[in-house]
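S.K.: Submitted below is the structure of interest, expressed as structure tokens.
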Amino acid sequence: MRTRHQWTIDSTDDIHKTLRGWAEGGAPADRYSVRFDLRGSTGNPISVPNLLRGFYVVAHGPAPVYVGGDTTVQAVESAVVYTTEDGVVEAYDSATVYAYGRSEVTLDNEAAVFVASDDVLVTAYGSGTVHLPAGGFPGSAATVQLEGEAARIIRR
């Protein structure tokens with residue numbers, strides 16, 4: 001994929017400003033040439049709206065990111081992402097994901113996910129770590145596939 005349009009996003013408002021700018025000046029020709037890099041600052045979360053579904057969205061941190069509604073976010077470096085309501089997260093490096101209600105999470109490298117709903121789907125590659133609650137608590141019956149030899153599940 002060749003990215004022709006790239007934006008650094010430091011707040012949820014930055015996303016809306018960019019999208020408003022497209023409405024006024026014309027959107028890029030296709031979604032595949034657009035990249036949103038979510039950075040921000042600690043303590044100032046960024047919410048990813050459904051309007052970004054289909055775009056290449058990458059969370060770097062330090063701002064926590066909230067995603068849902070069939071939107072996919074790639075979490076890299078030390079990003080922290082909260083996903084719910086059909087959100088999809090691909091986590092790499094030392095990213096951390098908190099997964100709720102109908103989320104789908106793929107882990108690789110040193111990434112970790114903390115599962116809090118039974119209807120979460122997790123696939124862990126490399127040395128990804130899946131944290132599940134003890135039996136009987138929400139998230140304990142989530143669907144987990146361990147694809148890497150070093151991938152593991154930790155029950156808390």
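Identifiers for the structure tokens are assigned positionally: chains receive A, B, ... in sequence, residues are indexed from 1 per chain, and ligands are indexed from 1 in the order shown.
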Write out as a ChimeraX atom specification each polymer residue whose atoms come within 7 Å of stretch 10-16 of chain A, counting only C-alpha atoms; drop sequence neighbours fewer than 5 positions from it.
M.R.: /A:38-40,46-47
S.K.: Mind listing the helix (DSSP H, G or I) residues of chain A, per DSSP on the backbone, as a ChimeraX atom specification?
M.R.: /A:12-25,31-33,50-52
S.K.: Can those selected residues be exported to a file as a PDB file, in the first residue's frame so that it contains N, CA and C atoms?
M.R.:
ATOM      1  N   THR A  12      -9.523  13.710  19.250  1.00  0.00           N
ATOM      2  CA  THR A  12     -10.709  13.321  18.489  1.00  0.00           C
ATOM      3  C   THR A  12     -11.137  14.471  17.590  1.00  0.00           C
ATOM      4  N   ASP A  13     -11.003  15.690  18.079  1.00  0.00           N
ATOM      5  CA  ASP A  13     -11.387  16.860  17.290  1.00  0.00           C
ATOM      6  C   ASP A  13     -10.560  16.968  16.009  1.00  0.00           C
ATOM      7  N   ASP A  14      -9.281  16.578  16.045  1.00  0.00           N
ATOM      8  CA  ASP A  14      -8.446  16.606  14.836  1.00  0.00           C
ATOM      9  C   ASP A  14      -9.036  15.720  13.737  1.00  0.00           C
ATOM     10  N   ILE A  15      -9.613  14.577  14.125  1.00  0.00           N
ATOM     11  CA  ILE A  15     -10.233  13.685  13.139  1.00  0.00           C
ATOM     12  C   ILE A  15     -11.393  14.407  12.468  1.00  0.00           C
ATOM     13  N   HIS A  16     -12.241  15.020  13.271  1.00  0.00           N
ATOM     14  CA  HIS A  16     -13.415  15.713  12.731  1.00  0.00           C
ATOM     15  C   HIS A  16     -13.008  16.917  11.869  1.00  0.00           C
ATOM     16  N   LYS A  17     -11.953  17.641  12.261  1.00  0.00           N
ATOM     17  CA  LYS A  17     -11.468  18.764  11.451  1.00  0.00           C
ATOM     18  C   LYS A  17     -10.990  18.272  10.087  1.00  0.00           C
ATOM     19  N   THR A  18     -10.268  17.159  10.076  1.00  0.00           N
ATOM     20  CA  THR A  18      -9.781  16.599   8.809  1.00  0.00           C
ATOM     21  C   THR A  18     -10.947  16.202   7.917  1.00  0.00           C
ATOM     22  N   LEU A  19     -11.926  15.520   8.492  1.00  0.00           N
ATOM     23  CA  LEU A  19     -13.078  15.084   7.703  1.00  0.00           C
ATOM     24  C   LEU A  19     -13.895  16.286   7.212  1.00  0.00           C
ATOM     25  N   ARG A  20     -14.027  17.341   8.032  1.00  0.00           N
ATOM     26  CA  ARG A  20     -14.720  18.556   7.595  1.00  0.00           C
ATOM     27  C   ARG A  20     -13.968  19.221   6.450  1.00  0.00           C
ATOM     28  N   GLY A  21     -12.645  19.203   6.535  1.00  0.00           N
ATOM     29  CA  GLY A  21     -11.820  19.767   5.461  1.00  0.00           C
ATOM     30  C   GLY A  21     -12.042  19.041   4.147  1.00  0.00           C
ATOM     31  N   TRP A  22     -12.225  17.731   4.228  1.00  0.00           N
ATOM     32  CA  TRP A  22     -12.507  16.964   3.012  1.00  0.00           C
ATOM     33  C   TRP A  22     -13.852  17.360   2.436  1.00  0.00           C
ATOM     34  N   ALA A  23     -14.829  17.589   3.303  1.00  0.00           N
ATOM     35  CA  ALA A  23     -16.164  17.969   2.826  1.00  0.00           C
ATOM     36  C   ALA A  23     -16.104  19.304   2.084  1.00  0.00           C
ATOM     37  N   GLU A  24     -15.220  20.191   2.535  1.00  0.00           N
ATOM     38  CA  GLU A  24     -15.103  21.507   1.912  1.00  0.00           C
ATOM     39  C   GLU A  24     -14.199  21.502   0.682  1.00  0.00           C
ATOM     40  N   GLY A  25     -13.120  20.721   0.753  1.00  0.00           N
ATOM     41  CA  GLY A  25     -12.124  20.779  -0.326  1.00  0.00           C
ATOM     42  C   GLY A  25     -11.993  19.518  -1.152  1.00  0.00           C
ATOM     43  N   ARG A  31      -9.756   5.484  -0.139  1.00  0.00           N
ATOM     44  CA  ARG A  31      -9.393   5.295   1.265  1.00  0.00           C
ATOM     45  C   ARG A  31      -8.053   4.584   1.436  1.00  0.00           C
ATOM     46  N   TYR A  32      -7.618   3.843   0.435  1.00  0.00           N
ATOM     47  CA  TYR A  32      -6.407   3.051   0.554  1.00  0.00           C
ATOM     48  C   TYR A  32      -5.140   3.886   0.488  1.00  0.00           C
ATOM     49  N   SER A  33      -5.271   5.145   0.114  1.00  0.00           N
ATOM     50  CA  SER A  33      -4.099   6.014   0.036  1.00  0.00           C
ATOM     51  C   SER A  33      -4.009   6.948   1.241  1.00  0.00           C
ATOM     52  N   ASN A  50     -16.880   5.820  13.542  1.00  0.00           N
ATOM     53  CA  ASN A  50     -17.170   4.881  12.453  1.00  0.00           C
ATOM     54  C   ASN A  50     -16.810   5.467  11.100  1.00  0.00           C
ATOM     55  N   LEU A  51     -16.742   6.771  11.006  1.00  0.00           N
ATOM     56  CA  LEU A  51     -16.407   7.420   9.741  1.00  0.00           C
ATOM     57  C   LEU A  51     -15.027   7.009   9.225  1.00  0.00           C
ATOM     58  N   LEU A  52     -14.173   6.482  10.096  1.00  0.00           N
ATOM     59  CA  LEU A  52     -12.835   6.058   9.680  1.00  0.00           C
ATOM     60  C   LEU A  52     -12.788   4.584   9.274  1.00  0.00           C
TER      61      LEU A  52
END
S.K.: When you draw a straight line from atom CA of A:Phe36 to atom CA of A:Phe55, how long is it in Å?
M.R.: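 The value is 7.7 Å.
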S.K.: Find, counting only C-alpha atoms, the residue in A:Phe114, A:Ser94, A:Pro49, A:His60 that gets nearest to A:Tyr82.
M.R.: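 Counting only C-alpha atoms, the residue closest to A:Tyr82 is A:Phe114.
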S.K.: Compare A:Val65, A:Val34, A:Val105, A:Ala150 by their minimum atom-to-atom distance to A:Asp119, counting only C-alpha atoms, and give me the closest one.
M.R.: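 That would be A:Val105, the residue with the smallest distance to A:Asp119.
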S.K.: Mind the document's chain letters and residue numbers, and return as a VMD selection string the residues of chain A that DSSP labels strand (DSSP E or B).
M.R.: chain A and resid 5 to 9 34 to 38 41 44 46 to 48 56 to 59 65 to 67 72 to 75 80 to 83 88 to 91 96 to 99 104 to 107 112 to 115 121 to 124 129 to 132 143 to 146 152 to 155
S.K.: What is the distance, in Å and to one decimal place, between atom CA of A:Pro45 and atom CA of A:Ser117?
M.R.: 21.8 Å
S.K.: From the list A:Val113, A:Arg35, A:Thr143, A:Thr71, which residue is nearest A:His5 when using only C-alpha atoms?
M.R.: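 Nearest candidate to A:His5 out of A:Val113, A:Arg35, A:Thr143, A:Thr71: A:Arg35.
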S.K.: In Å to one decimal, how far is atom CA of A:Ala75 from atom CA of A:Leu146?
M.R.: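 So the two atoms, atom CA of A:Leu146 and atom CA of A:Ala75, lie 19.0 Å apart.
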S.K.: Please determine, counting only C-alpha atoms, which residue among A:Glu110, A:Asp37, A:Asp70, A:Asp118 has the shortest atom-to-atom distance to A:Ala141.
M.R.: A:Asp118
S.K.: Neighbours of A:Gly148 within 7 Å (only C-alpha atoms; same-chain residues fewer than 4 positions away dropped), as a PyMOL selection string?
M.R.: chain A and resi 124-127
S.K.: Include C-alpha atoms and write out the residues we just selected as a PDB file, in the first residue's frame.
M.R.:
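The result, written out as selection.pdb:
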ATOM      1  CA  ALA A 124      -2.272 -14.506  19.274  1.00  0.00           C
ATOM      2  CA  TYR A 125       0.894 -14.946  17.202  1.00  0.00           C
ATOM      3  CA  GLY A 126       4.538 -14.646  18.187  1.00  0.00           C
ATOM      4  CA  SER A 127       4.801 -14.015  21.902  1.00  0.00           C
TER       5      SER A 127
END
S.K.: Here is a test: counting only C-alpha atoms, which residue of A:Ala79, A:Trp7, A:Gly68, A:Ala112 is nearest to A:Tyr100?
M.R.: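 Answer, going by the shortest atom-to-atom distance: A:Gly68.
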S.K.: Ranking A:Glu104, A:Thr42, A:Ala111, A:Arg53 by minimum distance to A:Ala91 and counting only C-alpha atoms, which one comes first?
M.R.: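 Closest to A:Ala91, using only C-alpha atoms: A:Ala111.
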S.K.: Please list as a list in words every residue within 6 Å of A:Val73, counting only C-alpha atoms and excluding residues in the same chain fewer than 2 positions away.
M.R.: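 Surrounding residues, per the criterion: Val57, Val58 and Val89 of chain A.
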S.K.: Any chance you can output those residues with C-alpha atoms as a CSV table (one decimal), in the first residue's frame?
M.R.:
chain,number,residue,atom,x,y,z
A,57,VAL,CA,-5.6,4.0,11.2
A,58,VAL,CA,-2.5,3.5,13.4
A,89,VAL,CA,-7.5,-4.2,16.6
